[in-house]
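Everything below concerns the one structure shown next.
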Amino acid sequence: MTTDTLQELTRRPYAAGFVSAVEADTFPPGLNEDVIRALSEKKGEPPFLLEWRLKSYRHWLTLREPTWQAVTYKPIDYQAISYYSAPRFKPKKDSLDEVDPEILRTYEKLGIPLVEQQRLQNVAVDAVFDSVSVATTFKDKLAKAGVIFCSFSEAVREHPELLRKYLGSVVPHSDNFFAALNSAVFSDGSFVYIPKGVRCPMELSTYFRINAAETGQFERTLIVADEGSYVSYLEGCTAPQRDTNQLHAAVVELVALEGATIKYSTVQNWYPGDAEGKGGIYNFVTKRGIAHKRAKISWTQVETGSAITWKYPSVILKGDDSVGEFYSVALTNNLQQADTGTKMVHLGKNTRSTIVSKGISAGRGQNTYRGLVKVLKSAENARNYTQCDSLLLGDKCGAHTVPYIEVKNASAQVEHEASTSKIGEDQLFYCRQRGISQEDAVSMIVNGFCRQVFKELPMEFAVEAQKLLGVSLEGSVG
Amino acid sequence: MALLSVRNLHARVGDKDILKGIDLEVGAGEVHAIMGPNGSGKSTLASVLAGRDAYEVTKGEVLLDGKPLLELAPEARAAEGVFLAFQYPVEIPGVGNLHFLRTALNAQRRVKGLEELDAMDFLQMAKEKSKLVQLDAAFMNRSVNEGFSGGEKKRNEIFQMAVLEPRLAILDETDSGLDIDALRTVAGGVNGLRSPQRAMVVITHYQRLLDYIVPDKVHVMAGGRIIRSGGRELALELEEKGYGWLGLQDGKGAATKGGEARR
């Protein structure tokens with residue numbers, strides 16, 4: 001049970017690493033205004049959207065890649081990336097008949113059946129394959145409740161007024177380098193609208209899959225929960241195993257109007273690269289929600305994949321009595337690096353936020369929690385509770401915690417707790433002495449460490465997340 | 001045949017030889033006490049028997065019911081019936097005490113080809129056994145040893161032993177860190193688990209514990225060897241005369257009743 005054995009334990013195969021043989025329509029690499037025009041035309045977009053893309057692109061040209069995060073990677077050549085790749089078929093939304101059977105098989109292999117009779121109970125799925133949404137299940141049932149759940153492209157065609165009103169309203173096109181890039185070249189994603197007072201009758205889920213090589217994935221998700229409504233939304237992600245790095249720069253915007261609740265859960269399992277750090281996804285994602293009066297936004301994330309994770313799901317607590325939550329498990333193994341956390345910006349009175357972050361580092365992984373709690377002058381009686389715990393497996397990994405707290409109103413109460421612990425020989429030996437195998441012991445200790453976060457996930461996904469952590473740490477015991 | 005036979009056992013950590021030829025025979029139904037000054041190798045013996053990796057056995061053998069024990073992994077030894085009550089029980093945050101114990105019991109049952117206990121049956125059994133050391137229900141659902149007082153941790157060890165029903169129980173300084181009431185409770189639990197099928201090895205620095213857990217035999221360790229063995233009276237004699245009586249150095253004032261010098 002020395003460090004060696006722990007390292008053995010943390011080696012694992014990546015089960016979702018296969019490539020599907022799907023014919024694709026892919027743009028040649030490179031980015032300029034013509035590419036953006038071609039992309040917009042391909043998708044049949046209205047002029048306002050093309051204008052918005054071009055405005056974003058021009059702004060992006062003035063920005064520099066951020067360097068403050070605690071991750072290192074080779075420079076990204078933005079001209080070597082293809083900005084559009086779509087499976088070669090015409091996706092017809094009401095029928096799966098025209099979807100390439102190879103794609104359906106891909107999702108089945110990943111445990112996300114899209115075919116009618118095998119669908120997940122009470123979970124509607126929007127499947128995004130490379131740059132386009134290929135299928136959305138349970139549309140009829142949702143339509144009866146007045147819920148709109150469709151691909152972003154479809155929303156552009158069917159609901160341009162909603163899109164125009166909310167697109168960029170939470171994450172402006174000029175927000176940051178990666179958000180600006182996404183705004184210029186985003187290909188597809190999911191759109192959700194829950195009408196006033198409606199409790200969405202089922203879990204909504206988007207499953208992202210990168211398949212093509214040398215492409216970037218730039219999807220956008222926009223969720224609008226109208227007054228007094230409720231929605232729980234989940235996203236899952238995987239990608240094939242490749243030697244080269246691939247860029248994923250997504251934007252997620254959440255709008256929770258008065259009294260609405262949005263619960264957003266992520267189980268991210270992008271290809272993390274191999275044991276030597278070759279390949280893997282660069283995950284640079286901007287996620288933010290705005291909570292109006294008495295609204296609540298809750299982010300729960302389990303991040304086990306990606307070579308690089310750069311992600312700070314945030315909540316702007318704009319309305320009085322609004323609530324923001326962030327529950328996170330981030331695992332870094334081998335040479336993975338994660339710089340992740342959240343921002344809670346308190347504007348309204350009596351606003352409350354909770355942050356629970358669990359970082360697990362194994363192998364030579366580096367895990368940084370970076371968080372901002374900002375209480376503005378207007379936020380009378382704001383409260384925040386932050387808890388950051390780090391767990392180390394072995395002695396070659398690292399955990400770092402960088403909390404920023406800015407308080408401009410003296411009535412605020414801000415609490416911060418942090419701990420760092422190590423799965424040591426002692427814990428493992430204790431379990432084994434009682435008869436529990438080494439692998440089961442590691443999995444038990446890690447799951448115990450994450451319990452506070454897992455209990456926030458919807459049931460089906462809590463089980464999946466536990467398994468995923470198990471797999472992520474599985475290996476031959478030496 | 002003895003339940004536990006330790007023959008000419010040598011072990012070291014790194015370059016340092018710690019056990020230098022231990023011979024010990026413990027029969028079923030017997031309780032043996034191992035005493036000795038700090039650094040004599042008592043806890044090392046416990047760790048080697050349970051299979052802790054840091055120790056390297058360089059010579060000798062250990063038989064449990066006549067079968068060689070040393071080549072087995074710690075979890076396999078546990079399934080064979082070896083139980084170690086830890087001197088410093090480890091905390092496992094977020095893992096419920098009962099969940100942990102059921103996982104352990106079922107892992108052992110699987111090895112033995114027995115059916116696993118379901119949650120209900122287990123709960124009932126655990127409740128029954130918890131009375132032995134007066135642990136209440138609220139305590140059972142807390143995380144393993146997290147935030148437990150010293151006494152609660154030791155009681156929890158004995159509770160685990162009651163549930164796992166080992167053939168051989170090794171109690172490593174179970175008295176350390178206990179006030180007199182907790183000591184009585186823990187000793188009561190241990191006495192309740194004495195059985196003709198079970199052997200116990202009780203490791204202690206102080207004779208005090210042996211007032212409550214009365215041993216069949218007492219061994220005194222020093223310098224990695226057992227230098228004297230005898231009956232219960234040996235412990236009493238040690239208490240009276242101190243380890244110095246055997247020509248041993250012990251900075252902490254030896255086997256006298258002088259309370260807890262160590263944590």
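In the structure tokens, chains take letters A, B, ... by order of appearance, with residues numbered from 1 within each chain and ligands from 1 in the order shown.
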
Identify every residue of chain B that has at least one atom within 9 Å of any atom of chain A, counting only C-alpha atoms, and report the result as an MDAnalysis selection string.
-> chainID B and resid 50:54 73:79 82:84 86 89:96 100:101 103:108 143 160 164

Exercise: Leu70 in chain B partners within 8 Å, only C-alpha atoms, chain neighbours under 3 positions left out, as a ChimeraX atom specification = /B:49,51,61-62

CA of Lys287 in chain A sits from CA of Ala250 in chain A at a separation of 8.1 Å

Just the residues within 8 Å of range 222-233 of chain B, please, counting only C-alpha atoms, with nothing from its chain fewer than 3 positions along; format it as JSON, numbers by chain.
-> {"B": [18, 19, 20, 21, 22, 23, 36, 37, 39, 40, 41, 42, 214, 215, 216, 217, 218, 219, 236, 237, 248]}

Which of range 64-247 of chain B DSSP labels helix (DSSP H, G or I), written as a VMD selection string = chain B and resid 74 to 80 97 to 111 119 to 133 137 to 140 150 to 164 180 to 192 207 to 211 232 to 241 243 to 246

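Reported to one decimal place, the separation of CA of Ile262 in chain A from CA of Ser411 in chain A is 27.4 Å.
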
Mind checking which residues fall within 9 Å of Glu30 in chain B, counting only C-alpha atoms, ignoring those fewer than 6 positions away in the same chain, and posting them as a PyMOL selection string?
-> chain B and resi 194-201+215-217

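The smallest atom-to-atom distance between Tyr212 in chain B and any of B:Asp181, B:Glu239, B:Leu234, B:Ala85, using only C-alpha atoms, is found for B:Asp181.
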
From a DSSP calculation on the backbone, collect every residue of range 27-200 of chain B in strand (DSSP E or B) and output the set as JSON, numbers by chain.
-> {"B": [31, 32, 33, 34, 35, 56, 57, 58, 59, 60, 61, 62, 63, 64, 67, 68, 82, 83, 84, 85, 92, 93, 94, 95, 96, 143, 144, 168, 169, 170, 171, 172, 199, 200]}

Export of prior selection with C-alpha atoms as a CSV table (one decimal), in the first residue's frame:
chain,number,residue,atom,x,y,z
B,31,VAL,CA,-6.1,-14.5,26.5
B,32,HIS,CA,-2.4,-13.6,26.5
B,33,ALA,CA,-1.1,-10.2,27.6
B,34,ILE,CA,2.0,-8.7,26.1
B,35,MET,CA,3.7,-6.1,28.1
B,56,GLU,CA,9.3,-6.7,6.3
B,57,VAL,CA,9.4,-10.2,7.8
B,58,THR,CA,13.0,-11.4,7.4
B,59,LYS,CA,12.8,-14.8,9.2
B,60,GLY,CA,10.4,-17.1,10.9
B,61,GLU,CA,6.7,-18.0,10.4
B,62,VAL,CA,3.3,-17.5,11.7
B,63,LEU,CA,0.6,-20.1,11.6
B,64,LEU,CA,-3.1,-19.6,12.2
B,67,LYS,CA,-2.0,-22.5,8.1
B,68,PRO,CA,0.7,-20.1,7.1
B,82,VAL,CA,-7.6,-12.0,12.3
B,83,PHE,CA,-8.8,-8.8,13.9
B,84,LEU,CA,-6.7,-5.9,15.1
B,85,ALA,CA,-8.2,-3.3,17.5
B,92,ILE,CA,-13.0,8.0,7.3
B,93,PRO,CA,-15.2,11.1,6.6
B,94,GLY,CA,-18.4,10.6,4.7
B,95,VAL,CA,-18.5,6.9,5.1
B,96,GLY,CA,-21.2,5.8,7.6
B,143,SER,CA,-19.0,8.7,9.8
B,144,VAL,CA,-16.4,6.1,10.8
B,168,LEU,CA,-7.9,-14.1,16.7
B,169,ALA,CA,-8.3,-10.7,18.3
B,170,ILE,CA,-5.3,-8.5,18.8
B,171,LEU,CA,-5.9,-5.5,21.0
B,172,ASP,CA,-3.2,-2.9,20.5
B,199,ALA,CA,-7.9,-16.4,21.1
B,200,MET,CA,-6.9,-12.9,22.2

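The two atoms in question, CA of Leu167 in chain A and CA of Ile148 in chain A, are spaced 15.6 Å apart.
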
Could you give me, as a Markdown table, a per-residue list for range 142-257 of chain B showing, wherever an atom lies at most 10 Å from an atom of range 118-126 of chain B, the closest pair of atoms and their distance in Å to one decimal, using only C-alpha atoms and sorting by chain then residue number from low to high?
| residue | atom | partner | partner_atom | distance |
| --- | --- | --- | --- | --- |
| B:Phe159 | CA | B:Ala126 | CA | 8.5 |
| B:Gln160 | CA | B:Ala126 | CA | 9.0 |
| B:Ala162 | CA | B:Ala126 | CA | 8.8 |
| B:Val163 | CA | B:Ala126 | CA | 6.6 |

Write the selection just made, keeping all heavy atoms, as a short mmCIF file (atom, residue, chain, number, x, y, z; two decimals), in the first residue's frame?
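And here's out.cif as it stands now:
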data_model
loop_
_atom_site.label_atom_id
_atom_site.label_comp_id
_atom_site.auth_asym_id
_atom_site.auth_seq_id
_atom_site.Cartn_x
_atom_site.Cartn_y
_atom_site.Cartn_z
N PHE B 159 -16.87 -2.87 19.22
CA PHE B 159 -18.14 -3.14 18.54
C PHE B 159 -17.88 -3.84 17.19
O PHE B 159 -18.53 -4.83 16.85
CB PHE B 159 -18.88 -1.81 18.33
CG PHE B 159 -20.02 -1.86 17.36
CD1 PHE B 159 -21.07 -2.77 17.54
CD2 PHE B 159 -20.07 -1.00 16.27
CE1 PHE B 159 -22.13 -2.82 16.64
CE2 PHE B 159 -21.13 -1.04 15.37
CZ PHE B 159 -22.16 -1.96 15.56
N GLN B 160 -16.89 -3.35 16.45
CA GLN B 160 -16.55 -3.98 15.17
C GLN B 160 -16.11 -5.42 15.38
O GLN B 160 -16.47 -6.32 14.62
CB GLN B 160 -15.43 -3.20 14.47
CG GLN B 160 -15.85 -1.82 14.01
CD GLN B 160 -14.77 -1.11 13.23
OE1 GLN B 160 -13.81 -1.72 12.78
NE2 GLN B 160 -14.90 0.19 13.09
N ALA B 162 -17.07 -7.34 17.76
CA ALA B 162 -18.26 -8.13 18.09
C ALA B 162 -19.01 -8.54 16.83
O ALA B 162 -19.51 -9.66 16.72
CB ALA B 162 -19.17 -7.34 19.02
N VAL B 163 -19.06 -7.63 15.85
CA VAL B 163 -19.80 -7.93 14.63
C VAL B 163 -19.00 -8.90 13.73
O VAL B 163 -19.56 -9.82 13.15
CB VAL B 163 -20.10 -6.63 13.84
CG1 VAL B 163 -20.61 -6.93 12.44
CG2 VAL B 163 -21.13 -5.79 14.60
#

Name all residues at most 9 Å from Glu227 in chain A (count only C-alpha atoms; drop same-chain ones fewer than 4 positions away) and give them as a tab-separated table (two decimals) with C-alpha atoms, in the first residue's frame.
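Listed below is the output, around.tsv:
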chain	number	residue	atom	x	y	z
A	194	ILE	CA	-40.06	26.74	-19.02
A	195	PRO	CA	-43.24	28.82	-18.99
A	196	LYS	CA	-44.58	30.70	-15.98
A	197	GLY	CA	-45.49	28.53	-13.03
A	198	VAL	CA	-44.64	25.26	-14.77
A	256	ALA	CA	-34.09	32.31	-13.45
A	257	LEU	CA	-36.89	34.86	-13.35
A	258	GLU	CA	-38.79	35.77	-10.20
A	259	GLY	CA	-39.37	32.76	-7.96
A	260	ALA	CA	-37.95	30.27	-10.47
A	295	ALA	CA	-35.07	32.69	-7.61

What's the 10 Å shell around Arg58 in chain A, counting only C-alpha atoms, without same-chain residues fewer than 4 positions away, as a ChimeraX atom specification?
-> /A:32-33,52-54,62-63,174,180-181,184

Would you pick out the contacts of Tyr55 in chain B at 8 Å or less, using only C-alpha atoms, so that residues sharing its chain but fewer than 5 positions from it are not included, and give the list as a tab-separated table (two decimals) with all heavy atoms, in the first residue's frame?
chain	number	residue	atom	x	y	z
B	11	ALA	N	11.46	-9.22	12.11
B	11	ALA	CA	10.89	-8.23	11.17
B	11	ALA	C	11.63	-6.92	11.32
B	11	ALA	O	12.19	-6.61	12.37
B	11	ALA	CB	9.40	-8.04	11.43
B	12	ARG	N	11.60	-6.15	10.23
B	12	ARG	CA	12.25	-4.85	10.30
B	12	ARG	C	11.49	-3.79	9.51
B	12	ARG	O	10.65	-4.10	8.67
B	12	ARG	CB	13.69	-4.93	9.79
B	12	ARG	CG	13.78	-5.25	8.31
B	12	ARG	CD	15.24	-5.32	7.92
B	12	ARG	NE	15.36	-5.73	6.53
B	12	ARG	CZ	16.48	-6.23	6.02
B	12	ARG	NH1	17.54	-6.39	6.77
B	12	ARG	NH2	16.54	-6.56	4.75
B	13	VAL	N	11.81	-2.56	9.81
B	13	VAL	CA	11.31	-1.42	9.04
B	13	VAL	C	12.53	-0.75	8.44
B	13	VAL	O	13.42	-0.34	9.17
B	13	VAL	CB	10.58	-0.39	9.93
B	13	VAL	CG1	10.12	0.78	9.09
B	13	VAL	CG2	9.41	-1.03	10.62
B	14	GLY	N	12.58	-0.66	7.13
B	14	GLY	CA	13.78	-0.12	6.49
B	14	GLY	C	14.97	-0.98	6.88
B	14	GLY	O	14.95	-2.20	6.69
B	44	THR	N	4.70	-3.37	16.88
B	44	THR	CA	5.20	-3.94	15.63
B	44	THR	C	4.70	-5.37	15.45
B	44	THR	O	4.28	-5.76	14.36
B	44	THR	CB	6.75	-3.92	15.62
B	44	THR	OG1	7.17	-2.56	15.69
B	44	THR	CG2	7.30	-4.57	14.37
B	47	SER	N	1.22	-5.22	14.22
B	47	SER	CA	1.15	-4.80	12.82
B	47	SER	C	1.60	-5.91	11.88
B	47	SER	O	1.01	-6.11	10.82
B	47	SER	CB	2.04	-3.57	12.59
B	47	SER	OG	1.51	-2.47	13.28
B	48	VAL	N	2.65	-6.63	12.27
B	48	VAL	CA	3.14	-7.71	11.42
B	48	VAL	C	2.10	-8.82	11.32
B	48	VAL	O	1.84	-9.36	10.24
B	48	VAL	CB	4.49	-8.26	11.95
B	48	VAL	CG1	4.88	-9.55	11.24
B	48	VAL	CG2	5.58	-7.21	11.78
